[in-house]
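Listing of final-v4.csv; format and content: CSV, C-alpha atoms.
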chain,number,residue,atom,x,y,z
A,212,MET,CA,295.2,136.8,122.3
A,213,PRO,CA,293.3,133.5,122.6
A,214,ASP,CA,290.1,133.2,120.5
A,215,ASN,CA,287.9,132.9,123.6
A,216,ARG,CA,289.2,136.0,125.1
A,217,LYS,CA,288.9,137.9,121.9
A,218,LEU,CA,285.3,136.7,121.4
A,219,LEU,CA,284.4,137.8,125.0
A,220,LEU,CA,285.9,141.3,124.4
A,221,GLU,CA,283.9,141.6,121.2
A,222,ARG,CA,280.7,140.5,122.9
A,223,MET,CA,281.3,142.9,125.8
A,224,SER,CA,281.9,145.8,123.4
A,225,SER,CA,278.7,144.8,121.5
A,226,PHE,CA,276.8,144.7,124.8
A,227,GLU,CA,278.1,148.1,125.9
A,228,ASN,CA,277.0,149.6,122.5
A,229,ALA,CA,273.6,147.9,122.8
A,230,CYS,CA,273.1,149.4,126.3
A,231,ARG,CA,274.0,152.9,125.0
A,232,GLU,CA,271.6,152.5,122.1
A,233,ALA,CA,268.8,151.3,124.4
A,234,GLY,CA,269.5,154.2,126.8
A,235,LEU,CA,270.6,151.8,129.6
A,236,ARG,CA,273.3,152.8,132.1
A,237,LEU,CA,276.3,150.6,132.0
A,238,THR,CA,276.2,149.5,135.7
A,239,HIS,CA,278.8,147.2,137.2
A,240,GLN,CA,276.1,144.7,137.9
A,241,ARG,CA,274.8,144.7,134.3
A,242,LEU,CA,278.3,144.2,133.0
A,243,GLU,CA,279.1,141.4,135.3
A,244,VAL,CA,275.8,139.6,134.9
A,245,TYR,CA,276.2,139.8,131.1
A,246,ARG,CA,279.9,138.7,131.2
A,247,GLU,CA,279.1,135.7,133.4
A,248,LEU,CA,276.2,134.7,131.1
A,249,SER,CA,278.3,135.2,128.0
A,250,GLU,CA,281.0,132.8,129.3
A,251,ALA,CA,278.4,130.2,130.4
A,252,PHE,CA,277.6,127.2,128.1
A,253,ASP,CA,275.1,125.6,130.4
A,254,HIS,CA,272.2,128.1,130.0
A,255,PRO,CA,272.2,128.9,133.7
A,256,SER,CA,269.2,130.0,135.8
A,257,ALA,CA,269.2,133.2,137.8
A,258,GLU,CA,270.0,131.3,140.9
A,259,SER,CA,273.0,129.6,139.3
A,260,LEU,CA,274.3,133.0,138.0
A,261,HIS,CA,273.8,134.5,141.4
A,262,LYS,CA,275.9,131.8,143.0
A,263,ARG,CA,278.7,132.2,140.5
A,264,LEU,CA,278.7,136.0,140.8
A,265,ARG,CA,278.7,135.9,144.6
A,266,ALA,CA,282.1,134.1,144.4
A,267,ARG,CA,283.6,137.4,143.0
A,268,PHE,CA,281.0,139.9,144.2
A,269,PRO,CA,279.7,138.9,147.7
A,270,THR,CA,277.3,141.8,147.9
A,271,ILE,CA,275.3,141.1,144.7
A,272,SER,CA,271.7,140.2,145.6
A,273,LEU,CA,269.6,137.6,143.9
A,274,ASP,CA,267.0,140.3,143.3
A,275,THR,CA,269.6,142.4,141.4
A,276,VAL,CA,270.4,139.3,139.2
A,277,TYR,CA,266.7,138.8,138.5
A,278,ARG,CA,266.0,142.4,137.7
A,279,THR,CA,269.2,142.6,135.5
A,280,LEU,CA,268.2,139.5,133.5
A,281,SER,CA,264.7,140.8,133.0
A,282,THR,CA,266.0,144.2,131.7
A,283,LEU,CA,268.4,142.6,129.4
A,284,GLU,CA,265.8,140.2,128.1
A,285,ARG,CA,263.3,143.0,127.6
A,286,HIS,CA,265.9,144.8,125.4
A,287,GLY,CA,266.7,141.7,123.4
A,288,MET,CA,270.3,141.4,124.7
A,289,ILE,CA,269.8,137.9,126.1
A,290,LYS,CA,267.2,135.2,125.6
A,291,ARG,CA,265.1,133.2,128.0
A,292,VAL,CA,265.3,129.5,127.1
A,293,GLU,CA,261.8,128.0,127.2
A,294,THR,CA,261.7,124.9,129.3
A,295,VAL,CA,259.0,122.7,130.9
A,296,ASP,CA,260.6,123.4,134.3
A,297,SER,CA,259.4,126.3,136.4
A,298,GLN,CA,262.9,127.8,136.6
A,299,SER,CA,263.9,130.0,133.7
A,300,ARG,CA,267.3,129.5,132.0
A,301,PHE,CA,269.1,132.2,130.1
A,302,ASP,CA,271.4,132.4,127.0
A,303,ALA,CA,273.5,135.3,125.7
A,304,THR,CA,274.6,133.6,122.5
A,305,GLU,CA,274.1,136.0,119.6
A,306,ILE,CA,274.3,133.4,116.9
A,307,ARG,CA,271.0,132.1,115.7
A,308,HIS,CA,270.4,128.7,117.2
A,309,HIS,CA,267.8,126.3,118.8
A,310,HIS,CA,267.9,124.1,121.9
A,311,LEU,CA,267.9,120.5,122.9
A,312,ILE,CA,266.8,119.7,126.4
A,313,CYS,CA,267.4,116.4,128.2
A,314,ALA,CA,264.3,115.3,130.1
A,315,ARG,CA,266.4,113.6,132.7
A,316,CYS,CA,269.4,115.7,133.6
A,317,ARG,CA,267.9,119.0,132.2
A,318,GLU,CA,271.1,119.8,130.3
A,319,ILE,CA,270.5,122.3,127.5
A,320,ALA,CA,272.6,122.1,124.3
A,321,ASP,CA,272.6,124.5,121.3
A,322,PHE,CA,272.2,123.4,117.7
A,323,SER,CA,271.8,125.1,114.3
A,324,TRP,CA,269.0,124.2,111.9
A,325,GLN,CA,269.2,126.3,108.7
A,326,ALA,CA,266.2,124.6,107.1
A,327,ILE,CA,263.8,125.7,109.8
A,328,ASP,CA,265.4,129.2,110.0
A,329,ASN,CA,264.9,129.7,106.3
A,330,GLU,CA,261.5,127.9,106.1
A,331,THR,CA,258.4,130.0,105.2
A,332,LEU,CA,255.8,129.9,107.9
A,333,PRO,CA,252.4,128.5,107.2
A,334,GLU,CA,249.9,130.9,105.5
A,335,GLU,CA,247.4,130.8,108.4
A,336,ILE,CA,250.1,132.3,110.7
A,337,SER,CA,250.3,135.5,108.5
A,338,SER,CA,246.8,136.6,109.7
A,339,TRP,CA,247.9,136.3,113.3
A,340,GLY,CA,250.3,139.2,113.1
A,341,ARG,CA,254.1,139.7,112.9
A,342,ILE,CA,256.5,136.9,113.8
A,343,ASP,CA,259.8,138.3,115.3
A,344,ASN,CA,261.6,135.1,116.1
A,345,LYS,CA,261.5,131.4,115.3
A,346,SER,CA,262.8,129.2,118.1
A,347,VAL,CA,262.7,125.4,118.2
A,348,VAL,CA,263.1,123.5,121.5
A,349,LEU,CA,263.5,119.7,121.2
A,350,TYR,CA,263.1,117.4,124.3
A,351,GLY,CA,264.6,114.0,124.6
A,352,VAL,CA,267.3,112.1,126.5
A,353,CYS,CA,271.0,113.0,126.0
A,354,LYS,CA,273.8,110.4,125.3
A,355,LYS,CA,275.1,110.6,128.9
A,356,CYS,CA,271.7,109.7,130.4
A,357,LEU,CA,271.1,107.0,127.8
A,358,LYS,CA,274.5,105.5,128.6
A,359,LYS,CA,273.6,105.5,132.3
A,360,THR,CA,270.3,103.8,131.6
A,361,MET,CA,272.0,101.1,129.4
A,362,GLN,CA,274.6,100.5,132.1
A,363,GLY,CA,271.9,100.2,134.7
A,364,GLU,CA,270.0,97.7,132.6
A,365,ASN,CA,273.1,95.6,132.1
A,366,GLN,CA,273.8,95.2,135.8
A,367,CYS,CA,272.4,92.3,137.7
A,368,THR,CA,270.2,93.3,140.6
A,369,THR,CA,270.0,89.9,142.3
Whole structure given in structure tokens:
Amino acid sequence: MPDNRKLLLERMSSFENACREAGLRLTHQRLEVYRELSEAFDHPSAESLHKRLRARFPTISLDTVYRTLSTLERHGMIKRVETVDSQSRFDATEIRHHHLICARCREIADFSWQAIDNETLPEEISSWGRIDNKSVVLYGVCKKCLKKTMQGENQCTT
């Protein structure tokens, strides 16, 4: 069995167990939304997921996708990627990671940063309460967009 297929089966099994532990019914919609999100590498929005799912399930509504994402996020089964855009993006990757976001094309990439994961938080934060998650989001311009900019600057416009 190819590694990707095996990984997906493991993730789906883990998801099914998490649903049972959370007391959530394993509906067809939840399974399909999670499966689609698990196979996505682009941190899709609810609208993007809906469009992809409708190709296979024409009757699934955008409202169902939104409600399913909200439920899964509330139970810690997926994560909402914090962006400066008004449209939320989602991630089902279980491995601890952070995000890079291109300010031009809005592409989101994952990266690991053990130093920040293992770093002790500043003392003044301890009086605030309990920290459950550390997540870093870095904004910049990706290589593809930089290359486009450089190519545009090298072209004569006269």
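Restricting the calculation to all atoms listed in the file, the smallest distance between Val352 (chain A) and any of A:Ser323, A:Arg315, A:Leu248, A:Tyr277 is found for A:Arg315.
Restricting the calculation to only C-alpha atoms, the smallest distance between Ser259 (chain A) and any of A:Ser299, A:Asn215, A:Thr360, A:Thr294 is found for A:Ser299.
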* Excluding Arg278 (chain A) and any residue of its chain fewer than 3 positions from it, enumerate the residues within 12 Å of it, using all atoms listed in the file, and give them as an MDAnalysis selection string. => chainID A and resid 240:241 244 257 261 271:275 281:285
* **Neighbour list for His310 (chain A) as a PyMOL selection string, cut-off 9 Å, only C-alpha atoms, skip fewer than 3 positions in-chain** => chain A and resi 292-293+319-323+346-350
* To do: Can you work out the spacing between CA of Phe226 (chain A) and CA of Phe301 (chain A) in Å, to one decimal?
  => 15.6 Å
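Distances to Gly287 (chain A) were evaluated for A:Asp302, A:Asp214, A:Glu334, A:Glu258 using all atoms listed in the file, and the minimum falls at A:Asp302.
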* Asked: Do you have the CA of Asn344 (chain A)-CA of Ala233 (chain A) distance handy?
  -> 19.6 Å
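The two atoms in question, CA of Arg300 (chain A) and CA of Pro255 (chain A), are spaced 5.2 Å apart.
Shortest atom-to-atom contact with Phe268 (chain A) among A:Arg341, A:Lys354, A:His286, A:His239: A:His239, counting all atoms listed in the file.
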Residue contacts of Glu227 (chain A) (7 Å, all atoms listed in the file) excluding same-chain residues fewer than 4 positions away, as a PDB file with C-alpha atoms, in the frame of the given file:
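Dumped to around-v7.pdb:
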ATOM      1  CA  MET A 223     281.300 142.900 125.800  1.00  0.00           C
ATOM      2  CA  ARG A 231     274.000 152.900 125.000  1.00  0.00           C
ATOM      3  CA  LEU A 237     276.300 150.600 132.000  1.00  0.00           C
TER       4      LEU A 237
END
Quick one: residues within 8 Å of Ala303 (chain A), all atoms listed in the file, excluding same-chain residues fewer than 5 positions away - as a CSV table (one decimal) with C-alpha atoms, in the coordinates of the input?
chain,number,residue,atom,x,y,z
A,245,TYR,CA,276.2,139.8,131.1
A,248,LEU,CA,276.2,134.7,131.1
A,249,SER,CA,278.3,135.2,128.0
A,288,MET,CA,270.3,141.4,124.7
A,289,ILE,CA,269.8,137.9,126.1
A,290,LYS,CA,267.2,135.2,125.6
Could you please fill out region 296-312 of chain A with N, CA and C atoms and send it back as an mmCIF file, in the coordinates of the input?
data_model
loop_
_atom_site.group_PDB
_atom_site.id
_atom_site.type_symbol
_atom_site.label_atom_id
_atom_site.label_comp_id
_atom_site.auth_asym_id
_atom_site.auth_seq_id
_atom_site.Cartn_x
_atom_site.Cartn_y
_atom_site.Cartn_z
ATOM 1 N N ASP A 296 260.391 123.203 132.852
ATOM 2 C CA ASP A 296 260.600 123.400 134.300
ATOM 3 C C ASP A 296 260.128 124.833 134.648
ATOM 4 N N SER A 297 259.864 125.034 135.914
ATOM 5 C CA SER A 297 259.400 126.300 136.400
ATOM 6 C C SER A 297 260.549 127.350 136.460
ATOM 7 N N GLN A 298 261.781 126.873 136.509
ATOM 8 C CA GLN A 298 262.900 127.800 136.600
ATOM 9 C C GLN A 298 263.451 128.169 135.264
ATOM 10 N N SER A 299 263.444 129.463 134.993
ATOM 11 C CA SER A 299 263.900 130.000 133.700
ATOM 12 C C SER A 299 265.415 129.779 133.567
ATOM 13 N N ARG A 300 265.846 129.569 132.339
ATOM 14 C CA ARG A 300 267.300 129.500 132.000
ATOM 15 C C ARG A 300 267.547 130.554 130.981
ATOM 16 N N PHE A 301 268.820 131.004 130.906
ATOM 17 C CA PHE A 301 269.100 132.200 130.100
ATOM 18 C C PHE A 301 270.323 131.876 129.149
ATOM 19 N N ASP A 302 270.367 132.639 128.059
ATOM 20 C CA ASP A 302 271.400 132.400 127.000
ATOM 21 C C ASP A 302 271.743 133.797 126.433
ATOM 22 N N ALA A 303 273.050 134.036 126.303
ATOM 23 C CA ALA A 303 273.500 135.300 125.700
ATOM 24 C C ALA A 303 274.107 135.114 124.333
ATOM 25 N N THR A 304 274.040 133.902 123.805
ATOM 26 C CA THR A 304 274.600 133.600 122.500
ATOM 27 C C THR A 304 273.883 134.441 121.424
ATOM 28 N N GLU A 305 274.642 135.183 120.639
ATOM 29 C CA GLU A 305 274.100 136.000 119.600
ATOM 30 C C GLU A 305 273.813 135.298 118.300
ATOM 31 N N ILE A 306 274.463 134.170 118.118
ATOM 32 C CA ILE A 306 274.300 133.400 116.900
ATOM 33 C C ILE A 306 272.986 132.680 116.891
ATOM 34 N N ARG A 307 272.271 132.752 115.786
ATOM 35 C CA ARG A 307 271.000 132.100 115.700
ATOM 36 C C ARG A 307 271.109 130.608 115.934
ATOM 37 N N HIS A 308 270.295 130.102 116.859
ATOM 38 C CA HIS A 308 270.400 128.700 117.200
ATOM 39 C C HIS A 308 269.079 128.254 117.913
ATOM 40 N N HIS A 309 268.970 126.956 118.123
ATOM 41 C CA HIS A 309 267.800 126.300 118.800
ATOM 42 C C HIS A 309 268.366 125.532 119.969
ATOM 43 N N HIS A 310 267.483 124.838 120.690
ATOM 44 C CA HIS A 310 267.900 124.100 121.900
ATOM 45 C C HIS A 310 267.412 122.692 121.964
ATOM 46 N N LEU A 311 268.276 121.842 122.517
ATOM 47 C CA LEU A 311 267.900 120.500 122.900
ATOM 48 C C LEU A 311 267.937 120.412 124.396
ATOM 49 N N ILE A 312 266.911 119.810 124.989
ATOM 50 C CA ILE A 312 266.800 119.700 126.400
ATOM 51 C C ILE A 312 266.657 118.267 126.844
#
